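Undergrad: Have a look at this one.
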Amino acid sequence: MLSIAIPTLNEEFHIENMLKSLLLQTVDEPIEVVVADANSSDKTREVVRSYEKHFHRVLIVPGGLPAVGRNNAAKNSRGDLIFFVDADVTFPSKTFLRDVSAYMRKRRIDVAAATLRPRSTRLIDRAFVATSNMIMKATKRFNPSGSMCIVVTRTVFEKSGGYPEQVHMSEDHDFVRSCAQHGSYDVLPHHVDFSVRRLEKEGRWGLAYKYAKVTAYRTFVGPITKPIVEYHFSYSDSESKA
């Protein structure tokens with residue numbers, strides 16, 4: 001069985017796109033969806049419950065900040081492969097889960113990250129993300145990283161201790177690095193699509209500066225256990241479902 005773990009906070013406009021994308025998957029094993037919700041005030045929970053009949057199992061558990069939510073979702077899941085996916089991500093092909101699962105099992109990969117593709121036609125967005133993908137691939141042997149879509153075997157998730165809940169930002173990269181110490185890591189030859197709402201809300205150059213500062217801190221100081229930049233778990237907005 002495959003487990004899809006999703007942290008949410010006011011994600012009614014995006015979680016449905018995610019679940020629709022998941023529903024289209026052609027895979028020969030059961031899929032369970034575990035959503036860790038951080039007390040959403042919109043219809044996130046109602047949307048998730050409306051899909052209960054479409055998957056092997058749909059469960060909503062208490063959430064919190066992303067690390068807490070992802071850990072709670074994983075601990076309540078049952079699959080041998082856990083897909084940690086952000087709520088605003090969608091799969092570009094109907095065979096994504098099947099292809100990724102086969103890729104990892106055939107090569108005995110324990111933790112992997114998908115490359116990313118923005119749902120945007122703006123050149124700056126595509127260049128920004130392409131650069132990030134390139135860096136992730138170039139540094140995979142000595143600096144494992146990943147975000148938005150990370151896949152890990154249950155065994156290595158448990159050995160790693162899960163997401164570091166004391167980390168304020170970039171906990172996903174720290175999680176991948178920890179998992180890579182207990183098993184093999186790779187960058188998947190598959191991408192996922194994601195919303196550029198954070199780029200829209202915070203501005204391209206402002207966000208680039210923030211990420212550069214975070215990267216420098218992690219490189220020269222270590223995990224970010226205190227707020228060094230302003231952080232928003234999620235943006236509540238009325239963004240189009242498209």
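Each chain of the structure tokens is named A, B, ... in the order shown, its residues numbered from 1; ligands are numbered from 1 in display order.
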Please tabulate, as CSV, the residues of stretch 43-105 of chain A that come within 9 Å of stretch 134-155 of chain A, each with its closest pair of atoms and the distance in Å to one decimal, counting only C-alpha atoms and ordering rows by chain, then residue number upward.
TA:
residue,atom,partner,partner_atom,distance
A:Ala74,CA,A:Arg154,CA,8.4
A:Arg78,CA,A:Arg154,CA,8.5
A:Gly79,CA,A:Arg154,CA,7.3
A:Asp80,CA,A:Arg154,CA,5.2
A:Leu81,CA,A:Thr153,CA,4.6
A:Ile82,CA,A:Val152,CA,5.4
A:Phe83,CA,A:Val151,CA,4.5
A:Phe84,CA,A:Ile150,CA,5.1
A:Val85,CA,A:Cys149,CA,4.6
A:Asp86,CA,A:Met148,CA,5.1
A:Ala87,CA,A:Met148,CA,8.6
A:Asp88,CA,A:Met148,CA,8.7
A:Val89,CA,A:Met148,CA,7.1
A:Val100,CA,A:Val151,CA,8.7
A:Ser101,CA,A:Val151,CA,8.9
A:Met104,CA,A:Val151,CA,8.9
Undergrad: Hey, can you spit out that residue selection with C-alpha atoms as a short mmCIF file (atom, residue, chain, number, x, y, z; two decimals), in the first residue's frame?
TA:
data_model
loop_
_atom_site.label_atom_id
_atom_site.label_comp_id
_atom_site.auth_asym_id
_atom_site.auth_seq_id
_atom_site.Cartn_x
_atom_site.Cartn_y
_atom_site.Cartn_z
CA ALA A 74 3.18 9.18 8.79
CA ARG A 78 0.25 1.96 6.99
CA GLY A 79 1.98 1.89 3.59
CA ASP A 80 5.52 0.67 3.02
CA LEU A 81 6.21 3.79 0.93
CA ILE A 82 5.24 7.20 2.28
CA PHE A 83 4.76 10.12 -0.10
CA PHE A 84 5.06 13.42 1.77
CA VAL A 85 3.24 15.85 -0.49
CA ASP A 86 2.30 19.51 -0.07
CA ALA A 87 -1.37 20.36 -0.46
CA ASP A 88 -0.81 22.58 -3.51
CA VAL A 89 1.07 19.92 -5.48
CA VAL A 100 8.04 6.34 -8.72
CA SER A 101 7.24 3.25 -6.64
CA MET A 104 12.52 3.16 -5.89
#
Undergrad: From a backbone DSSP assignment, name each residue in stretch 123-156 of chain A labelled strand (DSSP E or B), as JSON, numbers by chain.
TA: {"A": [149, 150, 151, 152, 153]}
Undergrad: I need the chosen residues saved as an mmCIF file, in the first residue's frame, with C-alpha atoms.
TA:
data_model
loop_
_atom_site.group_PDB
_atom_site.id
_atom_site.type_symbol
_atom_site.label_atom_id
_atom_site.label_comp_id
_atom_site.auth_asym_id
_atom_site.auth_seq_id
_atom_site.Cartn_x
_atom_site.Cartn_y
_atom_site.Cartn_z
ATOM 1 C CA CYS A 149 7.260 15.822 -2.715
ATOM 2 C CA ILE A 150 9.522 13.480 -0.739
ATOM 3 C CA VAL A 151 9.183 9.705 -0.824
ATOM 4 C CA VAL A 152 10.632 7.449 1.866
ATOM 5 C CA THR A 153 10.378 3.837 2.939
#
Undergrad: A:Asn76: which residues within 9 Å, counting only C-alpha atoms, same-chain residues fewer than 4 positions away excluded, as number ranges by chain?
TA: A: 34, 59, 61, 71-72
Undergrad: To one decimal place, how far is atom CA of A:Glu11 from atom CA of A:Ala127 in Å?
TA: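 Taking atom CA of A:Glu11 as the start and atom CA of A:Ala127 as the end point, the length is 26.6 Å.
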Undergrad: List as a list in words the protein and nucleic acid residues near stretch 91-98 of chain A, meaning an atom at most 6 Å away when only C-alpha atoms are counted, but skip any in the same chain fewer than 4 places from it.
TA: Ser21, Leu24, Gln25, Thr26, Val27 and Val192 of chain A
Undergrad: Can you list, as a list in words, every protein, DNA or RNA residue that comes within 6 Å of A:Ala114 when you count only C-alpha atoms, leaving out same-chain residues fewer than 5 positions away?
TA: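 So, after excluding close chain neighbours, the residues are Cys149, Leu188, His190 and His191 of chain A.
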Undergrad: Next, the residues of the selection above should be written as a short mmCIF file (atom, residue, chain, number, x, y, z; two decimals), in the first residue's frame with N, CA and C atoms.
TA:
data_model
loop_
_atom_site.label_atom_id
_atom_site.label_comp_id
_atom_site.auth_asym_id
_atom_site.auth_seq_id
_atom_site.Cartn_x
_atom_site.Cartn_y
_atom_site.Cartn_z
N CYS A 149 7.59 17.23 -2.45
CA CYS A 149 7.26 15.82 -2.71
C CYS A 149 8.48 14.96 -2.38
N LEU A 188 14.52 11.89 -8.01
CA LEU A 188 13.68 11.13 -8.94
C LEU A 188 13.71 11.73 -10.35
N HIS A 190 11.37 12.27 -12.12
CA HIS A 190 9.97 12.66 -12.27
C HIS A 190 9.75 13.97 -11.52
N HIS A 191 8.85 14.79 -12.04
CA HIS A 191 8.57 16.07 -11.39
C HIS A 191 7.12 16.13 -10.94
#
